[in-house]
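Reviewing the structure listed below.
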Amino acid sequence: MDCYEAALVYAKERKQFGSPIASYQLVQEKLVNMLIEITKGQLVSYQLGRLMDLGKARSAQISLAKKNNVNVARFCARTARELLGAGGISLENSPIRHMANIESVYTYEGTDDMHTLIIGSDITGLPAFGK
């Protein structure tokens with residue numbers, strides 16, 4: 001959410017050719033896509049929380065939520081960094097810090113790959129862990 005908010009504020013303030021860059025179609029598309037993915041991730045987390053409260057959450061559902069939301073975070077951090085232009089690579093701006101942090105979460109001990117295998121095993125009934 002911080003990446004989205006930082007990109008939105010920047011896009012409204014940054015002027016190019018006399019207009020805020022937020023008034024351009026491709027910038028709006030990026031902001032819209034970020035918000036859509038964030039909202040879907042929030043809904044996945046909300047539903048998973050409901051299942052956990054009922055004692056009905058399965059490990060594959062938890063893996064699905066984690067895998068999805070880390071990928072959404074990567075997408076949003078990358079997109080926000082793009083929208084901030086040259087400032088997007090400055091450590092003074094939060095998107096690049098989030099980007100570095102989320103990359104470590106994504107790759108830490110093969111987490112994304114493990115979630116993929118857990119979900120794949122669940123949907124096919126065939127474990128691929130030992131292949």
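Letters A, B, ... go to the chains of the structure tokens in the order shown; residues in each chain start at 1; ligands are counted from 1 in the same order.
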Query raised in the report: What's the 8 Å shell around range 2-6 of chain A, counting only C-alpha atoms, without same-chain residues fewer than 2 positions away, as a PyMOL selection string?
Result: chain A and resi 8-10+31+34-35+76-77+80+94-95+98
Could the residues in this selection be written to a file with N, CA and C atoms, as an mmCIF file, in the first residue's frame?
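As a result, part_2.cif now contains:
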```cif
data_model
loop_
_atom_site.group_PDB
_atom_site.id
_atom_site.type_symbol
_atom_site.label_atom_id
_atom_site.label_comp_id
_atom_site.auth_asym_id
_atom_site.auth_seq_id
_atom_site.Cartn_x
_atom_site.Cartn_y
_atom_site.Cartn_z
ATOM 1 N N LEU A 8 1.146 7.385 -6.176
ATOM 2 C CA LEU A 8 -0.008 8.249 -6.430
ATOM 3 C C LEU A 8 0.306 9.702 -6.073
ATOM 4 N N VAL A 9 0.894 9.916 -4.913
ATOM 5 C CA VAL A 9 1.253 11.276 -4.494
ATOM 6 C C VAL A 9 2.240 11.886 -5.496
ATOM 7 N N TYR A 10 3.255 11.114 -5.850
ATOM 8 C CA TYR A 10 4.262 11.611 -6.791
ATOM 9 C C TYR A 10 3.620 11.945 -8.142
ATOM 10 N N LEU A 31 -1.307 2.907 -12.058
ATOM 11 C CA LEU A 31 -1.920 3.111 -10.746
ATOM 12 C C LEU A 31 -3.142 2.214 -10.564
ATOM 13 N N MET A 34 -2.052 -1.404 -10.032
ATOM 14 C CA MET A 34 -1.542 -1.590 -8.672
ATOM 15 C C MET A 34 -2.698 -1.728 -7.690
ATOM 16 N N LEU A 35 -3.681 -0.830 -7.779
ATOM 17 C CA LEU A 35 -4.799 -0.860 -6.848
ATOM 18 C C LEU A 35 -5.631 -2.131 -7.000
ATOM 19 N N CYS A 76 3.951 -4.163 -7.199
ATOM 20 C CA CYS A 76 3.676 -2.789 -6.772
ATOM 21 C C CYS A 76 4.963 -2.011 -6.502
ATOM 22 N N ALA A 77 5.925 -2.643 -5.868
ATOM 23 C CA ALA A 77 7.199 -1.966 -5.609
ATOM 24 C C ALA A 77 7.897 -1.617 -6.921
ATOM 25 N N ALA A 80 5.845 1.202 -8.717
ATOM 26 C CA ALA A 80 6.030 2.485 -8.039
ATOM 27 C C ALA A 80 7.418 3.043 -8.332
ATOM 28 N N SER A 94 10.500 5.367 -0.397
ATOM 29 C CA SER A 94 10.172 4.046 0.152
ATOM 30 C C SER A 94 10.049 2.918 -0.877
ATOM 31 N N PRO A 95 9.593 3.148 -2.111
ATOM 32 C CA PRO A 95 9.440 2.001 -3.013
ATOM 33 C C PRO A 95 10.714 1.175 -3.220
ATOM 34 N N HIS A 98 11.231 -0.937 -0.138
ATOM 35 C CA HIS A 98 10.279 -2.055 -0.142
ATOM 36 C C HIS A 98 10.689 -3.101 -1.175
#
```
Requested in this report: Determine, counting only C-alpha atoms, which protein, DNA and RNA residues have an atom within 7 Å of an atom of Ile21 in chain A; residues of the same chain fewer than 4 positions away are not included. Present the result as a PyMOL selection string.
Outcome: chain A and resi 11-12+14-16+27
Would you mind exporting N, CA and C atoms of the selected residues as a PDB file, in the first residue's frame?
```pdb
ATOM      1  N   ALA A  11       2.764  11.052  -8.637  1.00  0.00           N
ATOM      2  CA  ALA A  11       2.145  11.255  -9.944  1.00  0.00           C
ATOM      3  C   ALA A  11       1.256  12.492  -9.970  1.00  0.00           C
ATOM      4  N   LYS A  12       0.649  12.816  -8.854  1.00  0.00           N
ATOM      5  CA  LYS A  12      -0.191  14.016  -8.788  1.00  0.00           C
ATOM      6  C   LYS A  12       0.651  15.290  -8.685  1.00  0.00           C
ATOM      7  N   ARG A  14       4.142  15.575  -9.640  1.00  0.00           N
ATOM      8  CA  ARG A  14       5.159  15.704 -10.697  1.00  0.00           C
ATOM      9  C   ARG A  14       4.512  16.191 -11.974  1.00  0.00           C
ATOM     10  N   LYS A  15       5.042  17.301 -12.491  1.00  0.00           N
ATOM     11  CA  LYS A  15       4.488  17.865 -13.728  1.00  0.00           C
ATOM     12  C   LYS A  15       5.418  17.606 -14.894  1.00  0.00           C
ATOM     13  N   GLN A  16       4.825  17.278 -16.001  1.00  0.00           N
ATOM     14  CA  GLN A  16       5.543  17.065 -17.257  1.00  0.00           C
ATOM     15  C   GLN A  16       4.722  17.746 -18.347  1.00  0.00           C
ATOM     16  N   VAL A  27       0.197   6.295 -17.056  1.00  0.00           N
ATOM     17  CA  VAL A  27       0.429   6.431 -15.612  1.00  0.00           C
ATOM     18  C   VAL A  27      -0.821   5.983 -14.863  1.00  0.00           C
TER      19      VAL A  27
END
```
Name all residues at most 12 Å from Arg58 in chain A (count only C-alpha atoms; drop same-chain ones fewer than 3 positions away) and give them as a JSON list (two decimals) with C-alpha atoms, in the first residue's frame.
```
[["chain", "number", "residue", "atom", "x", "y", "z"],
["A", 48, "LEU", "CA", -8.02, -16.73, 4.56],
["A", 49, "GLY", "CA", -8.43, -15.01, 7.93],
["A", 51, "LEU", "CA", -11.15, -19.63, 7.22],
["A", 52, "MET", "CA", -8.49, -19.58, 9.93],
["A", 53, "ASP", "CA", -11.02, -18.23, 12.45],
["A", 54, "LEU", "CA", -13.29, -21.16, 11.58],
["A", 55, "GLY", "CA", -10.42, -23.65, 11.79],
["A", 61, "GLN", "CA", -4.57, -22.01, 0.94],
["A", 62, "ILE", "CA", -2.01, -20.32, 3.18],
["A", 63, "SER", "CA", 0.68, -20.94, 0.55],
["A", 64, "LEU", "CA", -1.58, -19.54, -2.15],
["A", 65, "ALA", "CA", -2.16, -16.34, -0.16],
["A", 118, "ILE", "CA", 2.67, -27.05, -2.10],
["A", 119, "ILE", "CA", -0.14, -25.61, -4.24],
["A", 122, "ASP", "CA", -2.72, -29.86, -3.57]]
```
Report summary line: Here CA of Glu29 in chain A and CA of Val70 in chain A stand apart by 21.0 Å
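Closest approach to Gly120 in chain A among A:Leu83, A:Lys66, A:Ala60, A:Ile102: A:Ala60, based on only C-alpha atoms.
Computed from the coordinates, the CA of Val44 in chain A to CA of Ile123 in chain A distance equals 17.6 Å.
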Query raised in the report: Using only C-alpha atoms, which of the listed residues (A:Ser23, A:Leu43, A:Met114, A:Thr107) sits closest to Pro127 in chain A?
Result: A:Met114
Query - Residues flagged alpha helix (DSSP H) by DSSP in range 8-107 of chain A, as a PyMOL selection string - result: chain A and resi 8-13+25-53+59-83+94-107
Requested in this report: Rounded to one decimal place, report the CA of Arg81 in chain A-CA of Ile96 in chain A distance in Å.
Outcome: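 Computed distance, CA of Arg81 in chain A to CA of Ile96 in chain A, equals 6.3 Å.
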Query raised in the report: So which residues of chain A fall under strand (DSSP E or B) by DSSP, listed as a list in words?
Result: Lys15, Gln16, Ser19 and Pro20 of chain A
Write the residues of the preceding selection, restricted to N, CA and C atoms, as a short mmCIF file (atom, residue, chain, number, x, y, z; two decimals), in the first residue's frame.
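Result file follows (result-v6.cif):
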```
data_model
loop_
_atom_site.label_atom_id
_atom_site.label_comp_id
_atom_site.auth_asym_id
_atom_site.auth_seq_id
_atom_site.Cartn_x
_atom_site.Cartn_y
_atom_site.Cartn_z
N LYS A 15 5.04 17.30 -12.49
CA LYS A 15 4.49 17.86 -13.73
C LYS A 15 5.42 17.61 -14.89
N GLN A 16 4.82 17.28 -16.00
CA GLN A 16 5.54 17.07 -17.26
C GLN A 16 4.72 17.75 -18.35
N SER A 19 1.49 19.47 -17.07
CA SER A 19 0.40 18.72 -16.44
C SER A 19 0.97 17.68 -15.49
N PRO A 20 0.22 17.36 -14.43
CA PRO A 20 0.68 16.27 -13.56
C PRO A 20 0.75 14.97 -14.36
#
```
Requested in this report: Could you check which of A:Met1, A:Gln25, A:Ser59, A:Val32 is closest to Ser121 in chain A, using only C-alpha atoms?
Outcome: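 The answer is A:Ser59, which sits nearest to Ser121 in chain A.
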